[in-house]
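S.K.: Sharing a structure, written as structure tokens. Questions coming.
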Amino acid sequence: MEPVTPILEFNKTCVSYTKQTMAVKYVSAAIDRNSITAIMGPSGCGKSTLLRAVNLMHSLYPNIRVDGEILLNGENILSMEPIDVRRRVGMVFQRPAPFPTMSIYDNVLSGYALNGIRLSKTEKDETVERCLKSVALWDEVKDVLNKKGTFLSGGQQQRLCIARALAMKPDILLMDEPTSALDPIATAHIEELMKELQKDVTILIVTHNMGQAMRISSKSMFMYLGELVEYGDTAMMFSNPSDERTKAYLTGKMG
Amino acid sequence: MDKLKIRNRLAKDKALLWAVCLLAALTAVPLFAILGEVFLRGYDQLSWSFFTESTPTAYKAMKAIEAGEPIPGGIANGIVGTLLMLGMAAVVAIPVGILCGAFLAENSKNRFAQTVSYLTDLLQGTPSVIIGIVVYIWVVVPMKGYSAIAGSVALFIMMLPLIIRSTEETLKILPASLKEAGLALGGNRARVMLKVQLPAAFGGIFTGVLLAISRVIGETAPLMFTALGCSFIRFAVDKPISAVPLLIWEFFNDPNLQELIWGASLFLLLFVLTLNLLSKYLAKKWNQ
């Protein structure tokens, strides 16, 4: 059997906002293809910062430094063009952010518009239908595709944002607390959806909801004060954490 | 004892509230006084011909006054000149101002952008009469004559900082997630700006443009040095041209035409008020 190559690999990845302090300290971890990996930890532990390093979001802010390596299919993204990386690494944000001036239809296709890729009308229709179906939104919105995306409920908006990211056929989908602004029913929908999507895309999700990590992820990272404290099978980590800090966090003694 | 204290405090609070309301009402007094004055005096002069005919000559006006008739003619030459110069100024100022504002909003930490931003403030504070005399040297002298072009250059310079500022401010208050979401899809900064940020900021920018227009439409001093004035309707951009505020000044200086002052003033005032109300309405509608 061929060894499974990780799709994404952090190799001594460091992120610093100022010269004195590091927000992410020497994180090394390999992410399995077509899996869901959760990044947990208390607020300010660097989990979002680590996630945002993967699609080079930090390069927008000149004072943020990212060091070490982040390998996407063996290639270091830190030396790649941000535009290339971001086409292969999609992202879903904490607050649903459909583009307010675009219709639902155009929101799904916005990645193409932003990349200057022209599609024929049939390609467009197919892409919109496929992506909205894959996030289980098609039946709800197929008659109102020309309405603004902001008319949808929070959960629908978030699914629209996932569809928008999937339209670009990314290898990896980054999710930064995608359900923390949603109600429990919408959250359940999104979680179910993620398990479905796993077949086509590798998902890396930041969450500070331990239950969520347990429900959806196969592997989990626990971060504390910028360090990757523990990384392994989610079930294993929850039943038998090897580090005292992980144990303290999971049992609610530290948050 | 305690009850008395509380009643005392409530009474004081009420008194202060009344005082504040009274002062607030006082600030509206000048506006309504001006509106009323201009309206009462100008209302009679408004007629269809007032908007379609050019300024009468002093001789014709004198004849009409002697015969006890209303002065013939109107301010059509001024309206045409104002719209022509505003149009030319806006066509250049809107794209330049929006692009500059976008640059300033995106690079607020860049030293060059900070300098430009500061200079924009200075330009906004420059007295319009000085802009007029400088444009006279730059445009009127080399072109060997007053012209609509010179007038629109002066108006362009005055509109520019207003459009830059409103674009910059509107873009800055957009949620950062919008820009990040656009970039996360692989768009470059220019495309994200054009397709995501600027459309989202459209309401604020449009309001800014309307306010810039309403601010410069009444400018008189810079046009005296540049457009000069003209007593008939003209569309040539390289010739002297009239404008409504210029006409008001001309009417004031000609004893035979003084009756026309109020009609022209009322028109200008209503035009500016309409633009202001429109911009408020659009801003509100856009924010919903």
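Chain labels A, B, ... are given in the sequence in which chains occur in the structure tokens; within each chain residues are numbered consecutively from 1, and ligands are likewise numbered from 1 in the order shown.
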Give me the chain A side of the contact with chain B, cut-off 6 Å, one line per residue showing its nearest atom pair and distance in Å at one decimal, counting only C-alpha atoms, sorted by chain and residue number, as JSON lines.
M.R.:
{"residue": "A:Ile83", "atom": "CA", "partner": "B:Gly186", "partner_atom": "CA", "distance": 4.7}
{"residue": "A:Arg86", "atom": "CA", "partner": "B:Gly186", "partner_atom": "CA", "distance": 4.8}
{"residue": "A:Arg87", "atom": "CA", "partner": "B:Gly186", "partner_atom": "CA", "distance": 4.8}
{"residue": "A:Thr101", "atom": "CA", "partner": "B:Ala200", "partner_atom": "CA", "distance": 5.9}
{"residue": "A:Gly111", "atom": "CA", "partner": "B:Leu185", "partner_atom": "CA", "distance": 5.2}
{"residue": "A:Leu114", "atom": "CA", "partner": "B:Gly187", "partner_atom": "CA", "distance": 4.5}
{"residue": "A:Asn115", "atom": "CA", "partner": "B:Gly187", "partner_atom": "CA", "distance": 5.1}
S.K.: Output N, CA and C atoms for every residue in that selection, as a compact mmCIF listing (two decimals), in the first residue's frame.
M.R.:
# COMPACT_ATOMS: atom_id res chain seq x y z
N ILE A 83 -2.02 34.95 -4.43
CA ILE A 83 -3.18 34.71 -5.29
C ILE A 83 -3.29 33.24 -5.66
N ARG A 86 -4.34 31.20 -2.47
CA ARG A 86 -5.73 31.40 -2.04
C ARG A 86 -6.73 30.75 -2.98
N ARG A 87 -6.32 30.50 -4.21
CA ARG A 87 -7.22 29.81 -5.12
C ARG A 87 -7.31 28.34 -4.74
N THR A 101 -23.47 43.50 -2.27
CA THR A 101 -24.04 44.08 -3.47
C THR A 101 -24.33 43.02 -4.53
N GLY A 111 -15.78 34.15 -6.91
CA GLY A 111 -14.39 33.76 -7.01
C GLY A 111 -13.88 33.84 -8.45
N LEU A 114 -13.57 37.50 -9.38
CA LEU A 114 -12.42 38.12 -8.75
C LEU A 114 -11.10 37.63 -9.33
N ASN A 115 -11.14 36.49 -9.98
CA ASN A 115 -9.92 35.99 -10.62
C ASN A 115 -9.87 36.32 -12.10
S.K.: Among range 22-206 of chain A, which residues carry a DSSP assignment of strand (DSSP E), reported as number ranges by chain?
M.R.: A: 22-31, 36-40, 65-72, 75-76, 89-92, 172-176, 202-206
S.K.: Keeping N, CA and C atoms for every residue in the selection just given, could you write it to a file as a tab-separated table (two decimals), in the first residue's frame?
M.R.:
chain	number	residue	atom	x	y	z
A	22	MET	N	5.65	36.10	20.07
A	22	MET	CA	5.20	35.21	19.02
A	22	MET	C	3.80	34.74	19.33
A	23	ALA	N	2.92	34.82	18.36
A	23	ALA	CA	1.54	34.37	18.56
A	23	ALA	C	1.41	32.87	18.29
A	24	VAL	N	2.28	32.38	17.41
A	24	VAL	CA	2.31	30.95	17.12
A	24	VAL	C	3.78	30.53	17.19
A	25	LYS	N	4.05	29.50	18.01
A	25	LYS	CA	5.45	29.15	18.26
A	25	LYS	C	5.78	27.76	17.73
A	26	TYR	N	6.59	27.69	16.72
A	26	TYR	CA	7.17	26.44	16.22
A	26	TYR	C	6.17	25.29	16.15
A	27	VAL	N	5.11	25.51	15.40
A	27	VAL	CA	4.11	24.46	15.26
A	27	VAL	C	4.52	23.51	14.13
A	28	SER	N	4.55	22.23	14.44
A	28	SER	CA	4.80	21.23	13.39
A	28	SER	C	3.69	20.19	13.45
A	29	ALA	N	3.05	19.96	12.33
A	29	ALA	CA	1.97	18.97	12.29
A	29	ALA	C	1.67	18.66	10.84
A	30	ALA	N	1.21	17.43	10.58
A	30	ALA	CA	0.82	17.05	9.22
A	30	ALA	C	-0.67	16.77	9.19
A	31	ILE	N	-1.34	17.34	8.18
A	31	ILE	CA	-2.80	17.21	8.08
A	31	ILE	C	-3.15	16.17	7.02
A	36	ILE	N	-11.19	15.93	8.54
A	36	ILE	CA	-11.52	17.18	9.23
A	36	ILE	C	-10.61	17.26	10.45
A	37	THR	N	-9.84	18.31	10.52
A	37	THR	CA	-8.95	18.50	11.66
A	37	THR	C	-9.40	19.73	12.42
A	38	ALA	N	-9.59	19.58	13.70
A	38	ALA	CA	-10.04	20.71	14.52
A	38	ALA	C	-8.85	21.33	15.23
A	39	ILE	N	-8.85	22.66	15.31
A	39	ILE	CA	-7.85	23.35	16.12
A	39	ILE	C	-8.59	23.96	17.30
A	40	MET	N	-8.25	23.51	18.50
A	40	MET	CA	-8.92	23.99	19.71
A	40	MET	C	-7.96	24.77	20.57
A	65	ARG	N	4.87	38.72	10.80
A	65	ARG	CA	5.89	37.84	10.19
A	65	ARG	C	5.48	36.39	10.32
A	66	VAL	N	5.66	35.65	9.25
A	66	VAL	CA	5.42	34.20	9.31
A	66	VAL	C	6.74	33.52	8.97
A	67	ASP	N	7.20	32.65	9.85
A	67	ASP	CA	8.46	31.94	9.61
A	67	ASP	C	8.24	30.43	9.61
A	68	GLY	N	9.28	29.71	9.25
A	68	GLY	CA	9.18	28.26	9.14
A	68	GLY	C	8.62	27.90	7.78
A	69	GLU	N	7.98	26.74	7.72
A	69	GLU	CA	7.44	26.28	6.43
A	69	GLU	C	5.98	25.85	6.60
A	70	ILE	N	5.19	26.08	5.57
A	70	ILE	CA	3.87	25.45	5.49
A	70	ILE	C	3.81	24.81	4.11
A	71	LEU	N	3.78	23.47	4.08
A	71	LEU	CA	3.85	22.76	2.81
A	71	LEU	C	2.46	22.33	2.35
A	72	LEU	N	2.09	22.76	1.15
A	72	LEU	CA	0.84	22.32	0.54
A	72	LEU	C	1.21	21.37	-0.59
A	75	GLU	N	4.82	21.65	-1.33
A	75	GLU	CA	5.37	22.92	-1.82
A	75	GLU	C	5.19	23.99	-0.74
A	76	ASN	N	6.24	24.75	-0.45
A	76	ASN	CA	6.14	25.73	0.62
A	76	ASN	C	5.33	26.95	0.17
A	89	VAL	N	-6.71	27.27	-1.53
A	89	VAL	CA	-7.08	27.16	-0.12
A	89	VAL	C	-8.26	28.10	0.12
A	90	GLY	N	-9.45	27.58	0.26
A	90	GLY	CA	-10.62	28.42	0.49
A	90	GLY	C	-10.76	28.76	1.97
A	91	MET	N	-11.55	29.78	2.24
A	91	MET	CA	-11.71	30.15	3.65
A	91	MET	C	-13.14	30.58	3.94
A	92	VAL	N	-13.62	30.17	5.11
A	92	VAL	CA	-14.93	30.59	5.58
A	92	VAL	C	-14.73	31.30	6.91
A	172	ILE	N	-8.09	22.67	0.08
A	172	ILE	CA	-8.28	22.77	1.53
A	172	ILE	C	-9.31	23.85	1.80
A	173	LEU	N	-10.15	23.60	2.79
A	173	LEU	CA	-11.11	24.62	3.22
A	173	LEU	C	-10.78	24.99	4.67
A	174	LEU	N	-10.47	26.25	4.87
A	174	LEU	CA	-10.19	26.73	6.21
A	174	LEU	C	-11.47	27.30	6.79
A	175	MET	N	-11.80	26.93	8.02
A	175	MET	CA	-13.01	27.47	8.63
A	175	MET	C	-12.66	28.06	9.98
A	176	ASP	N	-12.91	29.35	10.11
A	176	ASP	CA	-12.54	30.05	11.34
A	176	ASP	C	-13.79	30.24	12.20
A	202	THR	N	-10.23	18.81	2.05
A	202	THR	CA	-9.70	18.67	3.41
A	202	THR	C	-10.11	19.89	4.21
A	203	ILE	N	-10.64	19.64	5.39
A	203	ILE	CA	-11.15	20.77	6.19
A	203	ILE	C	-10.30	20.97	7.44
A	204	LEU	N	-9.95	22.23	7.65
A	204	LEU	CA	-9.21	22.60	8.85
A	204	LEU	C	-10.09	23.61	9.56
A	205	ILE	N	-10.54	23.27	10.76
A	205	ILE	CA	-11.51	24.14	11.40
A	205	ILE	C	-11.05	24.60	12.78
A	206	VAL	N	-11.15	25.89	13.00
A	206	VAL	CA	-10.86	26.44	14.32
A	206	VAL	C	-12.17	26.47	15.10
S.K.: From the list A:Leu225, A:Val128, A:Met80, A:Val141, which residue is nearest Gly46 in chain A when using only C-alpha atoms?
M.R.: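 Between A:Leu225, A:Val128, A:Met80, A:Val141, the residue approaching Gly46 in chain A most closely is A:Leu225.
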S.K.: In terms of the shortest atom-to-atom distance over only C-alpha atoms, which of A:Ala165, A:Ile7, A:Leu193, A:Val85 is closest to Pro98 in chain A?
M.R.: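 Among the listed residues, A:Ala165 lies closest to Pro98 in chain A.
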S.K.: Env of range 35-49 of chain B: 6 Å cut, atoms = only C-alpha atoms, seq-sep filter 3 positions within chain, self excluded. Answer as a JSON list (two decimals) with N, CA and C atoms, in the first residue's frame.
M.R.:
[["chain", "number", "residue", "atom", "x", "y", "z"],
["B", 32, "PHE", "N", -34.16, 78.91, 8.51],
["B", 32, "PHE", "CA", -35.54, 79.19, 8.09],
["B", 32, "PHE", "C", -35.73, 80.66, 7.75],
["B", 52, "THR", "N", -36.03, 79.41, -19.19],
["B", 52, "THR", "CA", -35.76, 79.12, -20.61],
["B", 52, "THR", "C", -35.14, 80.30, -21.35],
["B", 53, "GLU", "N", -35.18, 81.49, -20.79],
["B", 53, "GLU", "CA", -34.66, 82.65, -21.50],
["B", 53, "GLU", "C", -33.40, 83.19, -20.85],
["B", 262, "TRP", "N", -33.57, 87.71, -6.72],
["B", 262, "TRP", "CA", -34.21, 86.76, -5.80],
["B", 262, "TRP", "C", -34.66, 85.50, -6.50],
["B", 263, "GLY", "N", -35.08, 85.64, -7.73],
["B", 263, "GLY", "CA", -35.44, 84.43, -8.47],
["B", 263, "GLY", "C", -34.24, 83.52, -8.64],
["B", 266, "LEU", "N", -33.28, 81.97, -5.32],
["B", 266, "LEU", "CA", -34.21, 80.92, -4.93],
["B", 266, "LEU", "C", -33.91, 79.64, -5.69]]
S.K.: Just the residues within 12 Å of Asp143 in chain A, please, counting only C-alpha atoms, with nothing from its chain fewer than 6 positions along; format it as a PyMOL selection string.
M.R.: chain A and resi 104-105+129+137
S.K.: Any idea what's packed within 7 Å of range 231-236 of chain A, counting only C-alpha atoms, ignoring anything in its chain fewer than 5 positions away? Could you give it as number ranges by chain?
M.R.: A: 214, 217-222, 241
S.K.: Let's have the selection written as an mmCIF file, in the first residue's frame, with N, CA and C atoms.
M.R.:
data_model
loop_
_atom_site.group_PDB
_atom_site.id
_atom_site.type_symbol
_atom_site.label_atom_id
_atom_site.label_comp_id
_atom_site.auth_asym_id
_atom_site.auth_seq_id
_atom_site.Cartn_x
_atom_site.Cartn_y
_atom_site.Cartn_z
ATOM 1 N N MET A 214 -15.378 17.264 18.893
ATOM 2 C CA MET A 214 -15.598 15.844 19.128
ATOM 3 C C MET A 214 -16.550 15.269 18.080
ATOM 4 N N SER A 217 -14.548 16.062 14.014
ATOM 5 C CA SER A 217 -13.169 15.934 13.541
ATOM 6 C C SER A 217 -12.609 14.547 13.784
ATOM 7 N N SER A 218 -11.684 14.149 12.908
ATOM 8 C CA SER A 218 -11.004 12.884 13.137
ATOM 9 C C SER A 218 -9.733 13.113 13.940
ATOM 10 N N LYS A 219 -9.091 14.265 13.697
ATOM 11 C CA LYS A 219 -7.927 14.595 14.495
ATOM 12 C C LYS A 219 -8.094 15.986 15.092
ATOM 13 N N SER A 220 -7.433 16.231 16.192
ATOM 14 C CA SER A 220 -7.541 17.530 16.837
ATOM 15 C C SER A 220 -6.177 18.046 17.243
ATOM 16 N N MET A 221 -6.054 19.360 17.199
ATOM 17 C CA MET A 221 -4.876 20.019 17.747
ATOM 18 C C MET A 221 -5.334 20.786 18.971
ATOM 19 N N PHE A 222 -4.549 20.755 20.026
ATOM 20 C CA PHE A 222 -4.834 21.633 21.145
ATOM 21 C C PHE A 222 -3.703 22.650 21.267
ATOM 22 N N PRO A 241 -6.106 12.366 27.286
ATOM 23 C CA PRO A 241 -5.130 13.372 26.863
ATOM 24 C C PRO A 241 -3.771 13.111 27.498
#
S.K.: Could you give me, as an MDAnalysis selection string, the residues within 9 Å of Ala227 in chain B, counting only C-alpha atoms and dropping anything in the same chain fewer than 3 positions from it?
M.R.: chainID B and resid 81 140 146:152 222:224 230 239:243 246
S.K.: Identify, with DSSP run on backbone atoms, the residues in range 32-84 of chain B assigned to helix (DSSP H, G or I), and express the list as an NGL selection string.
M.R.: :B and (32-45 or 48-52 or 58-66 or 76-84)
S.K.: Residues as selected, C-alpha atoms, written as a CSV table (one decimal), in the first residue's frame, can you do that?
M.R.:
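Generated output (result-v9.csv):
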chain,number,residue,atom,x,y,z
B,32,PHE,CA,-35.5,79.2,8.1
B,33,ALA,CA,-35.1,83.0,8.1
B,34,ILE,CA,-32.9,82.7,5.0
B,35,LEU,CA,-35.3,80.3,3.3
B,36,GLY,CA,-38.3,82.5,4.1
B,37,GLU,CA,-36.6,85.7,2.9
B,38,VAL,CA,-35.5,84.2,-0.4
B,39,PHE,CA,-38.7,82.4,-1.0
B,40,LEU,CA,-41.0,85.4,-0.3
B,41,ARG,CA,-38.9,87.7,-2.5
B,42,GLY,CA,-38.1,85.2,-5.3
B,43,TYR,CA,-41.4,83.3,-5.6
B,44,ASP,CA,-43.0,86.0,-7.9
B,45,GLN,CA,-40.2,85.9,-10.4
B,48,TRP,CA,-41.4,79.1,-17.2
B,49,SER,CA,-39.5,81.8,-19.2
B,50,PHE,CA,-37.3,82.5,-16.2
B,51,PHE,CA,-35.7,79.1,-16.8
B,52,THR,CA,-35.8,79.1,-20.6
B,58,ALA,CA,-30.0,96.5,-19.1
B,59,TYR,CA,-31.8,98.5,-21.8
B,60,LYS,CA,-34.7,96.0,-22.2
B,61,ALA,CA,-35.0,95.7,-18.4
B,62,MET,CA,-35.1,99.5,-18.1
B,63,LYS,CA,-37.8,99.7,-20.7
B,64,ALA,CA,-39.9,97.1,-18.9
B,65,ILE,CA,-39.5,98.9,-15.6
B,66,GLU,CA,-40.6,102.2,-17.2
B,76,ALA,CA,-31.1,80.1,-18.7
B,77,ASN,CA,-27.6,81.1,-19.7
B,78,GLY,CA,-26.5,80.8,-16.0
B,79,ILE,CA,-28.2,77.4,-15.6
B,80,VAL,CA,-26.5,76.1,-18.8
B,81,GLY,CA,-23.1,77.4,-17.8
B,82,THR,CA,-23.4,76.0,-14.3
B,83,LEU,CA,-24.5,72.6,-15.5
B,84,LEU,CA,-21.8,72.5,-18.2
S.K.: Could you work out how far CA of Arg9 in chain B lies from CA of Leu22 in chain B, giving the answer in Å with one decimal?
M.R.: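 For CA of Leu22 in chain B relative to CA of Arg9 in chain B, the distance reads 20.0 Å.
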